[in-house]
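Undergrad: Dropping a structure here in structure tokens format, bear with me for questions.
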Amino acid sequence: MRIAVAIATPAMMWLFIASGFASSIRPESLSERGSLALYVLPGMASLVVLFNAIFASISLVEDRHQGFLQAVLVSPAPRWSMVAGKLLGGGVLGFAQGLVLLAFSPFVGAQVQPLGMLAAAIALACLSLGITGLGLAAAWKVDSASGFHGVMNLVFMPMWLLSGAIFPVEGASGWLRALVAINPLAWCQSAVGAGLVGRIDTVSLGLSALFALVGVVLAVGAMGFRRPA
């Protein structure tokens with residue numbers, strides 16, 4: 001059910017937006033991605049990753065309340081193995097689910113080129129690791145699922161909305177474009193979108209890798225060296 005919901009909700013949004021709002025956006029505003037369906041596809045893939053990161057992070061809160069986390073912490077296993085298991089488990093699952101949506105890209109005008117698709121997949125993997133790491137770091141500090149939902153609504157969803165996932169940002173206000181420029185999700189979106197049209201955006205790809213590294217470091221720093229209160 002978790003996997004179905006994580007994929008089905010963004011897939012329905014993609015279908016509704018791409019088919020229902022396609023005529024409301026001028027084609028020239030879509031940059032090099034000629035159709036709205038292709039433009040919003042990376043955003044829907046990142047939403048799949050975001051949902052999975054939220055589910056993976058909430059599971060950490062549930063593990064704490066059920067006593068499983070305390071049992072792991074007092075086991076002989078090294079602390080880093082717990083962090084790596086949570087991070088890689090959530091990251092790999094989110095990446096695999098996001099690839100399901102990207103697999104539809106040839107049907108909406110994507111240029112299927114090996115290097116471009118590889119770059120898009122790498123950017124999506126970086127996004128999955130980075131956002132999962134941020135989620136786990138936040139969940140380590142929050143003691144309730146309802147509290148984490150508040151963090152999600154305050155931090156994660158605005159990051160996604162300000163990533164250019166749905167509408168082009170070229171015509172947006174200056175202050176909004178400034179927020180998009182410093183938004184890590186926007187870097188990943190740009191790299192994935194460039195890969196789908198057969199171009200490799202090395203700057204965005206490098207920034208995506210940096211975001212993944214920051215997410216991993218935050219998760220390790222938050223979970224690896226402190227015991228929960």
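A note on labels: chains of the structure tokens are A, B, ... as shown, every chain counts residues from 1, and ligands are counted from 1 in their shown order.
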Considering only helix (DSSP H, G or I) as DSSP defines it on the backbone, what residues of range 7-159 of chain A qualify? List them as an MDAnalysis selection string.

TA: chainID A and resid 7:20 22:24 27:30 36:66 68:73 79:102 105:108 114:141 145:159

Undergrad: Residues within 10 Å of Val40 in chain A, please, as a list in words. Count only C-alpha atoms; anything in the same chain fewer than 3 positions from it doesn't count.

TA: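 That gives Met13, Trp14, Leu15, Ile17, Ala18, Leu30, Arg33, Ser35, Leu36, Ala37, Gly43, Met44, Ala45, Ser46, Gly164, Ala165, Ile166, Phe167, Pro168, Gln189 and Gly193 of chain A.
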
Undergrad: Only N, CA and C atoms, please: the residues just picked out, written as a compact mmCIF listing (two decimals), in the first residue's frame.

TA:
```txt
# COMPACT_ATOMS: atom_id res chain seq x y z
N MET A 13 -1.46 13.29 -10.24
CA MET A 13 -1.20 14.72 -10.39
C MET A 13 -0.60 15.03 -11.74
N TRP A 14 0.34 14.19 -12.18
CA TRP A 14 0.98 14.37 -13.49
C TRP A 14 -0.06 14.30 -14.60
N LEU A 15 -0.97 13.32 -14.50
CA LEU A 15 -1.99 13.16 -15.52
C LEU A 15 -2.93 14.36 -15.55
N ILE A 17 -2.44 17.50 -14.34
CA ILE A 17 -1.79 18.76 -14.70
C ILE A 17 -1.40 18.76 -16.18
N ALA A 18 -0.81 17.66 -16.64
CA ALA A 18 -0.33 17.62 -18.03
C ALA A 18 -1.46 17.67 -19.03
N LEU A 30 8.06 27.00 -21.62
CA LEU A 30 8.50 25.68 -21.20
C LEU A 30 9.95 25.40 -21.57
N ARG A 33 11.97 22.00 -23.04
CA ARG A 33 11.04 20.89 -22.92
C ARG A 33 9.70 21.33 -23.49
N SER A 35 6.68 20.13 -24.14
CA SER A 35 5.34 19.82 -23.65
C SER A 35 5.29 19.94 -22.14
N LEU A 36 4.10 20.30 -21.65
CA LEU A 36 3.93 20.40 -20.21
C LEU A 36 4.10 19.04 -19.53
N ALA A 37 3.67 17.97 -20.21
CA ALA A 37 3.80 16.63 -19.64
C ALA A 37 5.26 16.29 -19.38
N GLY A 43 9.33 16.73 -11.81
CA GLY A 43 8.73 17.16 -10.56
C GLY A 43 7.89 16.08 -9.92
N MET A 44 7.18 15.31 -10.74
CA MET A 44 6.38 14.21 -10.18
C MET A 44 7.29 13.09 -9.67
N ALA A 45 8.40 12.84 -10.36
CA ALA A 45 9.36 11.84 -9.88
C ALA A 45 9.96 12.28 -8.55
N SER A 46 10.26 13.58 -8.42
CA SER A 46 10.80 14.07 -7.15
C SER A 46 9.75 14.02 -6.04
N GLY A 164 10.24 24.57 -9.09
CA GLY A 164 9.86 24.61 -10.50
C GLY A 164 9.26 23.30 -10.97
N ALA A 165 8.69 22.54 -10.03
CA ALA A 165 8.18 21.22 -10.37
C ALA A 165 6.94 21.27 -11.25
N ILE A 166 6.12 22.30 -11.09
CA ILE A 166 4.86 22.35 -11.81
C ILE A 166 4.85 23.44 -12.88
N PHE A 167 5.30 24.65 -12.52
CA PHE A 167 5.24 25.76 -13.45
C PHE A 167 6.65 26.33 -13.66
N PRO A 168 6.96 26.79 -14.85
CA PRO A 168 8.26 27.42 -15.11
C PRO A 168 8.44 28.65 -14.24
N GLN A 189 15.96 18.93 -9.94
CA GLN A 189 14.95 18.99 -10.98
C GLN A 189 15.60 19.39 -12.32
N GLY A 193 15.65 17.08 -15.62
CA GLY A 193 15.01 17.58 -16.84
C GLY A 193 15.98 17.70 -17.99
```

Undergrad: Hey, can you check how far CA of Ala110 in chain A sits from CA of Val180 in chain A?

TA: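 For CA of Ala110 in chain A relative to CA of Val180 in chain A, the distance reads 24.0 Å.
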
Undergrad: Using only C-alpha atoms, which residues sit within 8 Å of Gly135 in chain A once same-chain residues fewer than 3 positions away are excluded, as a list in words?

TA: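 Non-adjacent residues within range: Ala53, Ile54, Ala56, Ser57, Ile131, Thr132, Ala138 and Ala139 of chain A.
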
Undergrad: For the residues in that selection, give me N, CA and C atoms as a short mmCIF file (atom, residue, chain, number, x, y, z; two decimals), in the first residue's frame.

TA:
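Resulting contents of selection-v6.cif:
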```cif
data_model
loop_
_atom_site.label_atom_id
_atom_site.label_comp_id
_atom_site.auth_asym_id
_atom_site.auth_seq_id
_atom_site.Cartn_x
_atom_site.Cartn_y
_atom_site.Cartn_z
N ALA A 53 10.66 9.53 1.29
CA ALA A 53 11.51 10.03 2.36
C ALA A 53 10.69 10.32 3.61
N ILE A 54 9.48 10.83 3.43
CA ILE A 54 8.60 11.10 4.57
C ILE A 54 8.22 9.80 5.26
N ALA A 56 9.85 6.93 5.19
CA ALA A 56 11.04 6.35 5.82
C ALA A 56 11.37 7.08 7.12
N SER A 57 11.19 8.39 7.13
CA SER A 57 11.52 9.17 8.33
C SER A 57 10.51 8.93 9.44
N ILE A 131 17.27 14.02 0.30
CA ILE A 131 16.02 14.31 0.98
C ILE A 131 15.73 13.28 2.06
N THR A 132 16.14 12.02 1.85
CA THR A 132 15.98 11.00 2.89
C THR A 132 16.87 11.31 4.08
N ALA A 138 15.72 15.19 10.66
CA ALA A 138 14.60 15.87 11.30
C ALA A 138 13.82 14.93 12.21
N ALA A 139 13.60 13.69 11.75
CA ALA A 139 12.84 12.73 12.55
C ALA A 139 13.57 12.37 13.83
#
```

Undergrad: Hey, can you check how far CA of Val216 in chain A sits from CA of Gly133 in chain A?

TA: 5.1 Å

Undergrad: Please, what distance in Å, to one decimal, runs between CA of Pro184 in chain A and CA of Ser105 in chain A?

TA: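 These two atoms are separated by 22.7 Å.
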
Undergrad: Which one of A:Gly206, A:Asn52, A:Met117, A:Pro78 sits closest to Phe156 in chain A if you count only C-alpha atoms?

TA: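 For Phe156 in chain A, the nearest of the candidates is A:Asn52.
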
Undergrad: Nearest to Leu129 in chain A: which of A:Ala222, A:Val49, A:Val142, A:Ala186 is it, counting only C-alpha atoms?

TA: A:Val49

Undergrad: For Leu38 in chain A, which residue out of A:Val61, A:Ala137, A:Val197, A:Met223 is the nearest one, using only C-alpha atoms?

TA: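 Checking each candidate against Leu38 in chain A, we get A:Val197 as the closest.
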
Undergrad: For Met152 in chain A, which of A:Val72, A:Ala8, A:Leu179, A:Leu136 is the closest residue, counting only C-alpha atoms?

TA: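 Closest residue, counting only C-alpha atoms: A:Leu136.
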
Undergrad: Counting only C-alpha atoms, which residue out of A:Met157, A:Ala71, A:Ala181, A:Ala125 sits closest to Leu88 in chain A?

TA: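 Of A:Met157, A:Ala71, A:Ala181, A:Ala125, the one nearest Leu88 in chain A is A:Ala125, counting only C-alpha atoms.
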